[in-house]
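S.K.: The following file, structure13.cif, comprises mmCIF, C-alpha atoms and all ligand atoms:
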data_query
loop_
_atom_site.label_atom_id
_atom_site.label_comp_id
_atom_site.auth_asym_id
_atom_site.auth_seq_id
_atom_site.Cartn_x
_atom_site.Cartn_y
_atom_site.Cartn_z
CA MET A 15 -38.00 -50.10 -2.97
CA PRO A 16 -41.36 -49.99 -1.17
CA LEU A 17 -40.90 -53.42 0.45
CA ASP A 18 -37.27 -52.92 1.42
CA GLY A 19 -36.69 -54.02 5.02
CA ARG A 20 -40.40 -54.62 5.66
CA GLU A 21 -41.34 -57.46 8.04
CA LEU A 22 -44.10 -59.54 6.46
CA VAL A 23 -46.03 -62.68 7.31
CA LEU A 24 -46.96 -64.86 4.34
CA GLY A 25 -49.77 -67.31 5.11
CA VAL A 26 -50.20 -70.23 2.72
CA THR A 27 -53.31 -72.42 2.89
CA GLY A 28 -54.31 -75.73 1.30
CA SER A 29 -54.91 -75.16 -2.39
CA ILE A 30 -53.23 -76.48 -5.50
CA ALA A 31 -52.25 -72.83 -6.08
CA ALA A 32 -49.91 -73.08 -3.05
CA TYR A 33 -47.03 -73.64 -5.47
CA LYS A 34 -47.49 -70.05 -6.67
CA ALA A 35 -46.83 -68.87 -3.11
CA VAL A 36 -43.22 -69.98 -3.70
CA VAL A 37 -42.93 -67.53 -6.61
CA LEU A 38 -44.63 -64.87 -4.50
CA LEU A 39 -42.19 -65.42 -1.62
CA ARG A 40 -39.23 -65.17 -3.99
CA GLU A 41 -40.52 -61.87 -5.37
CA LEU A 42 -41.17 -60.45 -1.89
CA THR A 43 -37.66 -61.29 -0.73
CA ARG A 44 -36.19 -60.01 -4.03
CA GLN A 45 -37.82 -56.66 -3.25
CA GLY A 46 -36.11 -56.63 0.15
CA ALA A 47 -38.94 -57.85 2.41
CA ARG A 48 -38.16 -60.08 5.40
CA VAL A 49 -40.79 -62.78 5.33
CA THR A 50 -41.97 -65.32 7.91
CA VAL A 51 -44.03 -68.06 6.28
CA CYS A 52 -46.97 -69.70 8.04
CA LEU A 53 -48.18 -72.88 6.36
CA THR A 54 -51.44 -74.54 7.33
CA GLU A 55 -51.44 -78.34 7.72
CA HIS A 56 -53.40 -78.59 4.47
CA ALA A 57 -50.91 -76.37 2.63
CA ARG A 58 -48.08 -78.73 3.67
CA ARG A 59 -49.76 -81.47 1.64
CA PHE A 60 -49.21 -79.38 -1.48
CA VAL A 61 -45.78 -77.79 -0.88
CA GLY A 62 -43.03 -78.73 1.57
CA ASP A 63 -41.60 -76.62 4.39
CA LEU A 64 -38.10 -76.86 3.01
CA THR A 65 -38.81 -74.75 -0.08
CA PHE A 66 -40.26 -71.90 1.97
CA ARG A 67 -37.61 -72.23 4.65
CA THR A 68 -34.81 -72.05 2.10
CA LEU A 69 -36.27 -69.03 0.27
CA SER A 70 -37.19 -67.07 3.40
CA GLY A 71 -34.13 -68.09 5.44
CA ARG A 72 -36.45 -68.53 8.40
CA PRO A 73 -38.27 -71.40 10.12
CA VAL A 74 -41.71 -72.13 8.70
CA LEU A 75 -44.54 -72.02 11.23
CA THR A 76 -47.58 -74.28 11.29
CA ASP A 77 -48.24 -75.51 14.80
CA LEU A 78 -48.98 -73.20 17.72
CA PHE A 79 -47.60 -75.77 20.12
CA ASP A 80 -44.46 -76.87 18.29
CA PRO A 81 -41.98 -77.57 21.12
CA ARG A 82 -39.02 -77.14 18.70
CA SER A 83 -39.95 -73.61 17.71
CA ASP A 84 -39.29 -70.46 19.75
CA GLU A 85 -41.30 -68.46 17.21
CA ALA A 86 -44.36 -70.64 17.79
CA VAL A 87 -44.95 -69.20 21.24
CA GLU A 88 -44.28 -65.72 19.90
CA HIS A 89 -47.21 -65.57 17.52
CA VAL A 90 -48.54 -62.36 19.03
CA ALA A 91 -45.17 -60.60 18.84
CA LEU A 92 -44.73 -61.80 15.25
CA ALA A 93 -48.20 -60.55 14.27
CA GLU A 94 -47.56 -57.17 15.90
CA ARG A 95 -44.15 -56.81 14.26
CA ALA A 96 -45.48 -57.52 10.77
CA ALA A 97 -46.01 -54.51 8.50
CA ALA A 98 -48.63 -56.68 6.75
CA VAL A 99 -49.99 -60.22 6.65
CA VAL A 100 -50.53 -61.69 3.19
CA VAL A 101 -52.55 -64.89 2.78
CA ALA A 102 -52.01 -66.41 -0.66
CA PRO A 103 -53.64 -68.65 -1.61
CA ALA A 104 -56.56 -68.07 0.75
CA THR A 105 -59.04 -70.95 0.65
CA ALA A 106 -62.77 -70.67 1.37
CA ASN A 107 -61.92 -72.33 4.69
CA VAL A 108 -59.44 -69.68 5.87
CA LEU A 109 -61.75 -66.87 4.71
CA ALA A 110 -64.50 -68.42 6.85
CA LYS A 111 -62.23 -68.82 9.88
CA ALA A 112 -60.91 -65.27 9.58
CA ALA A 113 -64.42 -63.85 9.18
CA HIS A 114 -65.57 -65.64 12.33
CA GLY A 115 -62.47 -65.11 14.45
CA ILE A 116 -61.57 -68.79 14.69
CA ALA A 117 -57.93 -69.24 15.71
CA ASP A 118 -57.09 -72.94 15.63
CA ASP A 119 -53.64 -72.93 14.05
CA PHE A 120 -50.66 -70.60 13.72
CA LEU A 121 -51.90 -68.64 10.73
CA THR A 122 -55.43 -68.00 11.96
CA THR A 123 -54.04 -66.96 15.35
CA VAL A 124 -51.66 -64.51 13.67
CA LEU A 125 -54.61 -63.12 11.69
CA LEU A 126 -56.42 -62.35 14.94
CA ALA A 127 -53.36 -60.73 16.50
CA ALA A 128 -52.29 -58.73 13.41
CA ARG A 129 -52.18 -54.95 13.85
CA GLY A 130 -51.15 -53.99 10.31
CA PRO A 131 -53.03 -54.42 7.02
CA VAL A 132 -54.15 -57.89 5.93
CA LEU A 133 -54.25 -58.89 2.25
CA MET A 134 -56.00 -62.10 1.22
CA ALA A 135 -55.69 -63.55 -2.29
CA PRO A 136 -58.41 -66.18 -2.69
CA ALA A 137 -58.14 -69.39 -4.72
CA MET A 138 -60.86 -72.00 -4.89
CA ASP A 139 -62.59 -74.35 -7.27
CA GLY A 140 -65.49 -73.74 -9.64
CA GLY A 141 -68.59 -72.24 -8.10
CA MET A 142 -67.19 -71.94 -4.56
CA TRP A 143 -66.27 -68.25 -4.89
CA GLU A 144 -69.87 -67.40 -5.84
CA HIS A 145 -71.36 -69.44 -2.96
CA PRO A 146 -73.43 -67.18 -0.67
CA ALA A 147 -71.50 -68.40 2.39
CA VAL A 148 -68.15 -67.40 0.85
CA MET A 149 -69.55 -64.09 -0.42
CA ALA A 150 -70.91 -63.31 3.06
CA ASN A 151 -67.53 -64.07 4.68
CA VAL A 152 -65.72 -61.91 2.13
CA ALA A 153 -68.16 -59.06 2.77
CA VAL A 154 -67.55 -59.29 6.53
CA LEU A 155 -63.77 -59.26 6.04
CA ARG A 156 -63.86 -56.32 3.62
CA GLN A 157 -66.11 -54.37 5.91
CA ARG A 158 -63.57 -54.95 8.68
CA GLY A 159 -60.82 -53.46 6.51
CA VAL A 160 -59.23 -56.64 5.20
CA THR A 161 -58.25 -56.38 1.53
CA VAL A 162 -59.69 -59.44 -0.20
CA MET A 163 -58.55 -59.52 -3.82
CA GLU A 164 -60.84 -60.71 -6.60
CA PRO A 165 -59.78 -64.15 -7.85
CA GLU A 166 -59.10 -64.39 -11.57
CA ALA A 167 -61.28 -66.18 -14.11
CA GLY A 168 -59.96 -69.08 -16.18
CA PRO A 169 -59.37 -72.84 -16.12
CA LEU A 170 -59.47 -74.34 -12.61
CA ALA A 171 -57.71 -77.38 -11.14
CA SER A 172 -60.89 -79.50 -11.35
CA GLY A 173 -61.04 -79.04 -15.10
CA LEU A 174 -63.91 -76.61 -14.70
CA SER A 175 -63.60 -73.01 -15.75
CA GLY A 176 -64.68 -69.98 -13.78
CA ARG A 177 -63.67 -67.32 -11.26
CA GLY A 178 -61.46 -68.84 -8.59
CA ARG A 179 -57.87 -68.70 -9.80
CA LEU A 180 -55.24 -67.17 -7.54
CA PRO A 181 -54.22 -63.73 -8.88
CA GLU A 182 -50.73 -63.80 -10.40
CA PRO A 183 -47.89 -63.25 -7.86
CA GLU A 184 -46.95 -59.91 -9.48
CA THR A 185 -50.55 -58.70 -9.08
CA ILE A 186 -50.47 -59.71 -5.41
CA VAL A 187 -47.18 -57.84 -4.92
CA GLU A 188 -48.69 -54.74 -6.58
CA ALA A 189 -51.70 -54.90 -4.26
CA LEU A 190 -49.44 -55.30 -1.23
CA VAL A 191 -47.20 -52.39 -2.21
CA ALA A 192 -50.31 -50.24 -2.71
CA LEU A 193 -51.55 -51.26 0.73
CA LEU A 194 -48.27 -50.22 2.35
CA SER A 195 -47.91 -46.93 0.47
CA PRO A 196 -49.07 -43.52 1.71
CA ARG A 197 -52.43 -42.59 0.10
CA ASP A 198 -51.42 -38.99 -0.46
CA LEU A 199 -52.85 -38.94 -4.01
CA ALA A 200 -56.32 -40.13 -2.99
CA GLY A 201 -58.92 -38.09 -4.88
CA GLU A 202 -56.45 -37.10 -7.64
CA ARG A 203 -57.01 -38.01 -11.29
CA VAL A 204 -53.63 -38.55 -12.91
CA LEU A 205 -53.14 -38.80 -16.67
CA VAL A 206 -49.80 -40.32 -17.70
CA THR A 207 -48.42 -40.82 -21.20
CA ALA A 208 -45.76 -43.43 -21.87
CA GLY A 209 -43.80 -45.20 -24.55
CA PRO A 210 -42.97 -44.34 -28.12
CA THR A 211 -45.23 -43.35 -30.98
CA ARG A 212 -45.13 -45.05 -34.37
CA GLU A 213 -45.59 -43.20 -37.64
CA ALA A 214 -46.31 -45.35 -40.67
CA ILE A 215 -44.07 -45.21 -43.75
CA ASP A 216 -46.09 -47.91 -45.48
CA PRO A 217 -48.20 -50.83 -44.16
CA VAL A 218 -45.12 -52.71 -42.88
CA ARG A 219 -42.64 -49.99 -41.80
CA TYR A 220 -42.72 -47.15 -39.36
CA ILE A 221 -40.64 -44.39 -37.74
CA SER A 222 -40.33 -44.72 -33.96
CA ASN A 223 -37.84 -44.24 -31.11
CA ARG A 224 -36.17 -46.17 -28.32
CA SER A 225 -38.69 -45.53 -25.54
CA SER A 226 -39.62 -48.74 -23.67
CA GLY A 227 -42.44 -47.14 -21.67
CA LYS A 228 -40.78 -48.04 -18.34
CA MET A 229 -40.65 -44.47 -17.01
CA GLY A 230 -44.31 -43.75 -17.78
CA PHE A 231 -45.54 -47.13 -16.54
CA GLN A 232 -43.66 -46.63 -13.24
CA LEU A 233 -45.31 -43.21 -12.88
CA ALA A 234 -48.74 -44.76 -13.44
CA ALA A 235 -48.01 -47.57 -10.95
CA ALA A 236 -46.72 -45.13 -8.31
CA ALA A 237 -49.75 -42.85 -8.68
CA LEU A 238 -52.06 -45.87 -8.32
CA ARG A 239 -50.21 -47.07 -5.21
CA ARG A 240 -50.63 -43.63 -3.70
CA GLY A 241 -54.39 -43.68 -4.21
CA ALA A 242 -54.93 -41.78 -7.47
CA ALA A 243 -57.31 -42.74 -10.26
CA VAL A 244 -54.95 -43.22 -13.20
CA THR A 245 -55.36 -43.13 -16.97
CA LEU A 246 -52.33 -44.38 -18.89
CA VAL A 247 -52.10 -43.47 -22.58
CA SER A 248 -49.30 -45.47 -24.12
CA GLY A 249 -47.66 -46.24 -27.39
CA PRO A 250 -46.66 -49.84 -28.16
CA THR A 251 -44.48 -51.41 -25.43
CA ALA A 252 -43.74 -54.88 -24.09
CA LEU A 253 -45.03 -53.93 -20.63
CA ARG A 254 -48.14 -55.06 -18.75
CA PRO A 255 -50.28 -52.07 -17.76
CA PRO A 256 -50.55 -51.72 -13.98
CA SER A 257 -53.82 -53.25 -12.77
CA GLY A 258 -56.30 -50.59 -11.77
CA ALA A 259 -55.27 -48.07 -14.44
CA VAL A 260 -57.55 -47.13 -17.32
CA PHE A 261 -55.31 -48.14 -20.20
CA VAL A 262 -55.57 -46.39 -23.57
CA PRO A 263 -53.27 -47.94 -26.20
CA ILE A 264 -52.35 -45.72 -29.16
CA GLU A 265 -49.85 -45.88 -32.02
CA THR A 266 -49.40 -42.48 -33.64
CA ALA A 267 -48.79 -39.01 -32.20
CA GLU A 268 -52.16 -37.90 -33.55
CA GLU A 269 -53.89 -40.79 -31.76
CA MET A 270 -52.03 -39.86 -28.59
CA ARG A 271 -53.12 -36.23 -28.98
CA GLU A 272 -56.75 -37.27 -29.33
CA ALA A 273 -56.62 -39.57 -26.27
CA VAL A 274 -54.75 -37.02 -24.15
CA LEU A 275 -57.08 -34.13 -25.00
CA GLN A 276 -60.08 -36.35 -24.25
CA HIS A 277 -58.80 -37.30 -20.79
CA ALA A 278 -56.85 -34.16 -19.81
CA ALA A 279 -59.95 -32.10 -19.07
CA ALA A 280 -60.86 -34.36 -16.14
CA ALA A 281 -57.27 -34.78 -14.86
CA THR A 282 -55.86 -32.94 -11.87
CA ILE A 283 -52.30 -33.92 -12.79
CA VAL A 284 -50.98 -34.59 -16.32
CA ILE A 285 -47.54 -36.20 -16.74
CA LYS A 286 -46.16 -36.54 -20.24
CA ALA A 287 -43.35 -39.10 -20.14
CA ALA A 288 -44.04 -40.40 -23.66
CA ALA A 289 -41.45 -40.00 -26.37
CA VAL A 290 -43.67 -38.48 -29.03
CA GLY A 291 -42.35 -38.58 -32.58
CA ASP A 292 -41.69 -35.01 -33.68
CA TYR A 293 -42.41 -35.86 -37.33
CA ARG A 294 -44.65 -38.15 -39.34
CA VAL A 295 -44.59 -39.15 -42.98
CA LYS A 296 -46.74 -36.73 -44.94
CA ARG A 297 -48.29 -39.34 -47.20
CA PRO A 298 -47.65 -42.93 -46.01
CA ALA A 299 -47.71 -45.41 -48.91
CA ALA A 300 -50.89 -47.49 -49.14
CA THR A 301 -48.93 -50.58 -50.21
CA LYS A 302 -45.47 -51.88 -49.33
CA ILE A 303 -42.73 -49.74 -50.90
CA LYS A 304 -40.65 -51.90 -53.28
CA GLY A 305 -37.34 -51.33 -54.98
CA LYS A 306 -33.74 -50.63 -54.13
CA GLN A 307 -33.44 -47.04 -55.32
CA ASP A 308 -32.83 -44.10 -52.94
CA LEU A 309 -35.95 -43.06 -51.14
CA THR A 310 -36.79 -39.65 -49.70
CA LEU A 311 -39.48 -39.43 -47.07
CA ASP A 312 -41.45 -36.24 -46.92
CA LEU A 313 -41.96 -35.48 -43.22
CA THR A 314 -44.29 -33.06 -41.54
CA PRO A 315 -44.21 -31.99 -37.86
CA ASN A 316 -46.55 -33.64 -35.38
CA PRO A 317 -48.66 -31.49 -33.07
CA ASP A 318 -46.98 -30.57 -29.79
CA ILE A 319 -49.40 -32.35 -27.45
CA LEU A 320 -47.81 -31.10 -24.24
CA ALA A 321 -47.89 -27.45 -25.29
CA GLU A 322 -51.51 -27.83 -26.41
CA VAL A 323 -52.60 -29.43 -23.12
CA ALA A 324 -50.82 -26.69 -21.18
CA ALA A 325 -52.46 -23.97 -23.28
CA ARG A 326 -55.95 -25.46 -22.85
CA ARG A 327 -55.78 -26.36 -19.16
CA SER A 328 -57.97 -25.06 -16.41
CA GLY A 329 -56.06 -23.33 -13.60
CA ALA A 330 -56.21 -26.37 -11.32
CA THR A 331 -54.46 -28.88 -13.60
CA PHE A 332 -50.81 -29.44 -12.73
CA ILE A 333 -48.72 -30.26 -15.78
CA VAL A 334 -45.45 -32.17 -15.84
CA GLY A 335 -43.38 -32.47 -19.00
CA PHE A 336 -40.22 -34.41 -19.69
CA ALA A 337 -37.20 -33.36 -21.71
CA ALA A 338 -35.06 -36.00 -23.40
CA GLU A 339 -31.72 -34.34 -24.14
CA THR A 340 -28.29 -35.45 -25.31
CA HIS A 341 -26.31 -32.30 -24.44
CA ASP A 342 -26.69 -29.04 -22.48
CA VAL A 343 -29.45 -30.80 -20.58
CA ALA A 344 -30.25 -28.04 -18.08
CA ALA A 345 -30.29 -25.23 -20.67
CA HIS A 346 -32.53 -27.13 -23.10
CA ALA A 347 -34.80 -28.20 -20.26
CA ARG A 348 -35.26 -24.62 -19.11
CA GLY A 349 -36.15 -23.63 -22.66
CA LYS A 350 -38.79 -26.40 -22.83
CA LEU A 351 -40.21 -25.45 -19.41
CA GLU A 352 -41.01 -22.04 -20.82
CA SER A 353 -41.89 -22.85 -24.43
CA LYS A 354 -44.28 -25.63 -23.43
CA GLY A 355 -45.83 -23.75 -20.49
CA VAL A 356 -45.56 -26.58 -17.95
CA ASP A 357 -45.30 -26.43 -14.15
CA LEU A 358 -42.57 -29.01 -13.69
CA LEU A 359 -40.06 -30.33 -16.18
CA VAL A 360 -38.19 -33.61 -15.72
CA ALA A 361 -35.00 -33.60 -17.76
CA ASN A 362 -32.92 -36.68 -18.51
CA ASP A 363 -29.80 -37.28 -20.53
CA VAL A 364 -30.74 -39.93 -23.08
CA SER A 365 -27.21 -40.22 -24.44
CA ARG A 366 -25.97 -41.97 -21.29
CA ALA A 367 -25.99 -45.75 -20.89
CA GLY A 368 -27.86 -47.15 -17.91
CA ILE A 369 -30.39 -44.30 -17.66
CA GLY A 370 -33.00 -42.73 -19.93
CA PHE A 371 -34.27 -44.91 -22.78
CA ASP A 372 -35.01 -48.55 -22.01
CA ALA A 373 -33.11 -48.62 -18.69
CA ASP A 374 -34.48 -49.63 -15.30
CA ASP A 375 -32.86 -46.57 -13.71
CA ASN A 376 -32.93 -42.88 -14.43
CA GLU A 377 -31.11 -39.77 -13.29
CA VAL A 378 -33.17 -36.62 -13.66
CA LEU A 379 -33.13 -32.90 -13.09
CA LEU A 380 -36.38 -31.40 -11.80
CA ILE A 381 -37.00 -27.78 -12.82
CA ASP A 382 -40.15 -25.95 -11.83
CA ARG A 383 -41.72 -22.77 -13.12
CA TRP A 384 -41.28 -21.01 -9.78
CA GLY A 385 -37.49 -21.04 -10.19
CA GLY A 386 -36.65 -24.17 -8.22
CA SER A 387 -34.40 -26.95 -9.49
CA ARG A 388 -33.20 -30.22 -7.99
CA ALA A 389 -30.83 -32.80 -9.43
CA LEU A 390 -31.66 -36.33 -8.28
CA PRO A 391 -28.99 -39.02 -8.16
CA LYS A 392 -29.33 -42.16 -10.28
CA MET A 393 -32.10 -44.37 -8.88
CA SER A 394 -34.70 -46.86 -10.09
CA LYS A 395 -37.46 -45.49 -12.31
CA ALA A 396 -39.93 -46.55 -9.58
CA ALA A 397 -38.10 -44.29 -7.12
CA VAL A 398 -37.89 -41.45 -9.68
CA ALA A 399 -41.65 -41.77 -10.18
CA ASP A 400 -42.25 -41.36 -6.44
CA GLU A 401 -39.90 -38.34 -6.34
CA ILE A 402 -41.78 -36.68 -9.21
CA LEU A 403 -45.17 -37.26 -7.58
CA SER A 404 -43.90 -35.92 -4.24
CA ALA A 405 -42.49 -32.86 -6.01
CA VAL A 406 -45.88 -32.25 -7.67
CA LEU A 407 -47.65 -32.38 -4.31
CA ALA A 408 -45.11 -30.10 -2.64
CA LEU A 409 -45.15 -27.54 -5.48
CA ARG A 410 -48.90 -27.54 -5.74
CA ALA A 411 -49.36 -27.08 -2.01
CA ARG A 412 -47.17 -23.98 -2.25
CA ALA A 413 -48.25 -22.56 -5.58
CA VAL A 414 -51.70 -23.59 -6.69
CA PRO A 415 -53.81 -21.75 -4.11
CA ALA A 416 -52.46 -18.55 -5.63
CA ARG A 417 -53.38 -19.65 -9.17
CA ARG A 418 -56.90 -20.96 -8.47
O1 LIG B 501 -39.73 -45.07 -21.98
P1 LIG B 501 -38.39 -45.28 -21.32
O2 LIG B 501 -37.56 -46.28 -22.07
O3 LIG B 501 -38.51 -45.62 -19.86
O4 LIG B 501 -37.57 -43.93 -21.42
C1 LIG B 501 -37.98 -42.81 -20.69
C2 LIG B 501 -37.89 -41.53 -21.53
C3 LIG B 501 -36.43 -41.26 -21.88
C4 LIG B 501 -38.71 -41.67 -22.82
C5 LIG B 501 -38.50 -40.39 -20.64
O5 LIG B 501 -37.75 -40.28 -19.46
C6 LIG B 501 -38.50 -39.06 -21.39
O6 LIG B 501 -37.54 -38.34 -21.43
N1 LIG B 501 -39.66 -38.76 -22.03
C7 LIG B 501 -39.84 -37.57 -22.91
C8 LIG B 501 -39.34 -37.93 -24.28
C9 LIG B 501 -39.49 -36.77 -25.25
O7 LIG B 501 -40.22 -36.89 -26.20
O8 LIG B 501 -38.85 -35.67 -24.91
P2 LIG B 501 -38.83 -34.31 -25.78
O9 LIG B 501 -37.77 -33.51 -25.15
O10 LIG B 501 -38.71 -34.61 -27.23
O11 LIG B 501 -40.25 -33.70 -25.53
C10 LIG B 501 -40.53 -32.81 -24.46
C11 LIG B 501 -41.91 -33.05 -23.91
O12 LIG B 501 -42.89 -32.75 -24.90
C12 LIG B 501 -42.19 -34.46 -23.47
O13 LIG B 501 -42.97 -34.40 -22.28
C13 LIG B 501 -42.99 -35.05 -24.60
O14 LIG B 501 -43.92 -36.06 -24.14
C14 LIG B 501 -43.73 -33.84 -25.13
N2 LIG B 501 -44.01 -33.85 -26.57
C15 LIG B 501 -43.00 -33.89 -27.47
C16 LIG B 501 -43.28 -33.82 -28.84
C17 LIG B 501 -44.62 -33.73 -29.24
N3 LIG B 501 -44.94 -33.68 -30.53
N4 LIG B 501 -45.60 -33.70 -28.34
C18 LIG B 501 -45.33 -33.74 -27.01
O15 LIG B 501 -46.24 -33.73 -26.18
#
As structure tokens, please, write out the structure in this file.
Ligand code: PMT
M.R.:
Amino acid sequence: MPLDGRELVLGVTGSIAAYKAVVLLRELTRQGARVTVCLTEHARRFVGDLTFRTLSGRPVLTDLFDPRSDEAVEHVALAERAAAVVVAPATANVLAKAAHGIADDFLTTVLLAARGPVLMAPAMDGGMWEHPAVMANVAVLRQRGVTVMEPEAGPLASGLSGRGRLPEPETIVEALVALLSPRDLAGERVLVTAGPTREAIDPVRYISNRSSGKMGFQLAAAALRRGAAVTLVSGPTALRPPSGAVFVPIETAEEMREAVLQHAAAATIVIKAAAVGDYRVKRPAATKIKGKQDLTLDLTPNPDILAEVAARRSGATFIVGFAAETHDVAAHARGKLESKGVDLLVANDVSRAGIGFDADDNEVLLIDRWGGSRALPKMSKAAVADEILSAVLALRARAVPARR
């Protein structure tokens, strides 16, 4: 996990959104981060030390001159040790202090001493975010390399509505993970397909498969973290598209084909993790099919999108296909590598519980068209996604110059 074992400082300032920092802290520690929380005096009026202390397992720091705290005198060491400092919520006040180098409490002193990346997630009431003073402070911070997230629009604590809501904790975690990830895909345009397709039988029924979209969504998220511009074409899933991706929702294989062909021309890497239905109903009924008699569906094959993309590509596009198999995985995967004309094939056994369809983990075999193959042990789909992207970079560095 990208945050595993990372030392972080979480700064919490005085906003009603401070309660969301508790959820954020829980998520950071769940992902393996070791977090020291710095509360401002104003934040303590909204949420108590004890909650943060219990969840982080560490003392909570507020006062630079707290005689009971060893850590208080070690603010510089703490700031230097931190892989990143996250301030959430960040009020207009802390943005102003950080922009002007004011260090009058523990958090603002840590911000001055920090050596790693700083991520600030603003939260403030109606109109404040747009105020020229706040905008100017944000511009100064961004210019200095601080990542200041855009607050979200919606109802605010005052009863007003506008831009000023703290981004959701999961969005803040995504931004932090991106900040701490290598940017080795900067400049790449990655097209990922995910999820199942649905083929109508009649207006209420369809043929589909067990794909949850998790594998494809993790690939899109990993590519974004690593600096790529990402387009995610997905069939219906219960997942939230990663923020920052261009999201293209589709239902049928033909809709997926259209979306993929439209975006593939501009992509440098295409990854087809979607479980595309091999067949569709030839003539779906216009009205709901009634009756209890036997029913035969006349099916016709769907276009093979992956093979078509591979056939149409320019020399510089790297193409990754998947193979979902239930037996003789390696042999079938090798067949698909050749018949579909891809550069890298990711094979998984979808008959096994705990991997493949709708699981959080996967265990895959990577086979490339230059004769290499590598079996990866079972790991999270997020980790598999990173392995696939690293394999693409390594293979392309070796092979593409010859093809261009
Ligand atoms: O979504 P999850 O629940 O996380 O599950 C992940 C997964 C099991 C769906 C994923 O890991 C996976 O194996 N995806 C490929 C599923 C599939 O359709 O495999 P296939 O062996 O039938 O197809 C081979 C390749 O051709 C795939 O890249 C597929 O996207 C593509 N294809 C298939 C048929 C078709 N008509 N057009 C295609 O482009």
S.K.: In Å to one decimal, how far is atom CA of Leu403 of chain A from atom CA of Gly227 of chain A?
M.R.: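 For atom CA of Gly227 of chain A relative to atom CA of Leu403 of chain A, the distance reads 17.4 Å.
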S.K.: Do you know which residues are at most 7 Å from segment 97-99 of chain A counting all atoms listed in the file, after dropping those on the same chain fewer than 4 positions away, and could you put them as a PDB file with C-alpha atoms, keeping the file's coordinate frame?
M.R.:
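Done, and the output landed in part04.pdb:
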ATOM      1  CA  ARG A  20     -40.400 -54.620   5.660  1.00  0.00           C
ATOM      2  CA  GLU A  21     -41.340 -57.460   8.040  1.00  0.00           C
ATOM      3  CA  LEU A  22     -44.100 -59.540   6.460  1.00  0.00           C
ATOM      4  CA  VAL A  23     -46.030 -62.680   7.310  1.00  0.00           C
ATOM      5  CA  LEU A  24     -46.960 -64.860   4.340  1.00  0.00           C
ATOM      6  CA  GLY A 130     -51.150 -53.990  10.310  1.00  0.00           C
ATOM      7  CA  PRO A 131     -53.030 -54.420   7.020  1.00  0.00           C
ATOM      8  CA  VAL A 132     -54.150 -57.890   5.930  1.00  0.00           C
ATOM      9  CA  LEU A 133     -54.250 -58.890   2.250  1.00  0.00           C
TER      10      LEU A 133
END
S.K.: List all protein, DNA and RNA residues that have any atom at most 6 Å from ligand LIG 501 (chain B), counting all atoms listed in the file, and write the list as a PyMOL selection string.
M.R.: chain A and resi 209+225-229+286-292+316-320+335-338+362+364+370-372
S.K.: Around (-34.5, -65.1, 6.7) in the file's frame, which residues reach within 9 Å when counting only C-alpha atoms? Return as an MDAnalysis selection string?
M.R.: chainID A and resid 43 48:50 67:73
S.K.: For atom CA of Ala347 of chain A and atom CA of Arg383 of chain A, determine how far apart the two atoms are, in Å to one decimal place.
M.R.: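 Pair atom CA of Ala347 of chain A / atom CA of Arg383 of chain A returns 11.3 Å.
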S.K.: Could you give me, as a PyMOL selection string, the residues that have an atom at most 12 Å away from the point (-47.1, -75.6, 3.1) in the coordinates of the file, using only C-alpha atoms?
M.R.: chain A and resi 24-36+51-67+74-77+102-103+121
S.K.: Which residues come within 12 Å of Asp118 of chain A, counting all atoms listed in the file, excluding same-chain residues fewer than 3 positions away, as a list in words?
M.R.: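 Surrounding residues, per the criterion: Thr54, Glu55, Thr76, Asp77, Leu78, Phe79, Asn107, Val108, Lys111, Ala112, His114, Gly115, Leu121, Thr122, Thr123, Val124, Leu125 and Leu126 of chain A.
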S.K.: Check the smallest atom-to-atom distance from each of A:Ser195, A:Thr266, A:Gln157, A:Thr340 to Ala214 of chain A using all atoms listed in the file, then report the winner.
M.R.: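 When distances to Ala214 of chain A are compared using all atoms listed in the file, the smallest one comes from A:Thr266.
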S.K.: Considering all atoms listed in the file, state which residue in the set A:Leu313, A:Val356, A:Ala278, A:Ala408 is at the smallest distance from Thr207 of chain A.
M.R.: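 Closest to Thr207 of chain A, using all atoms listed in the file: A:Ala278.
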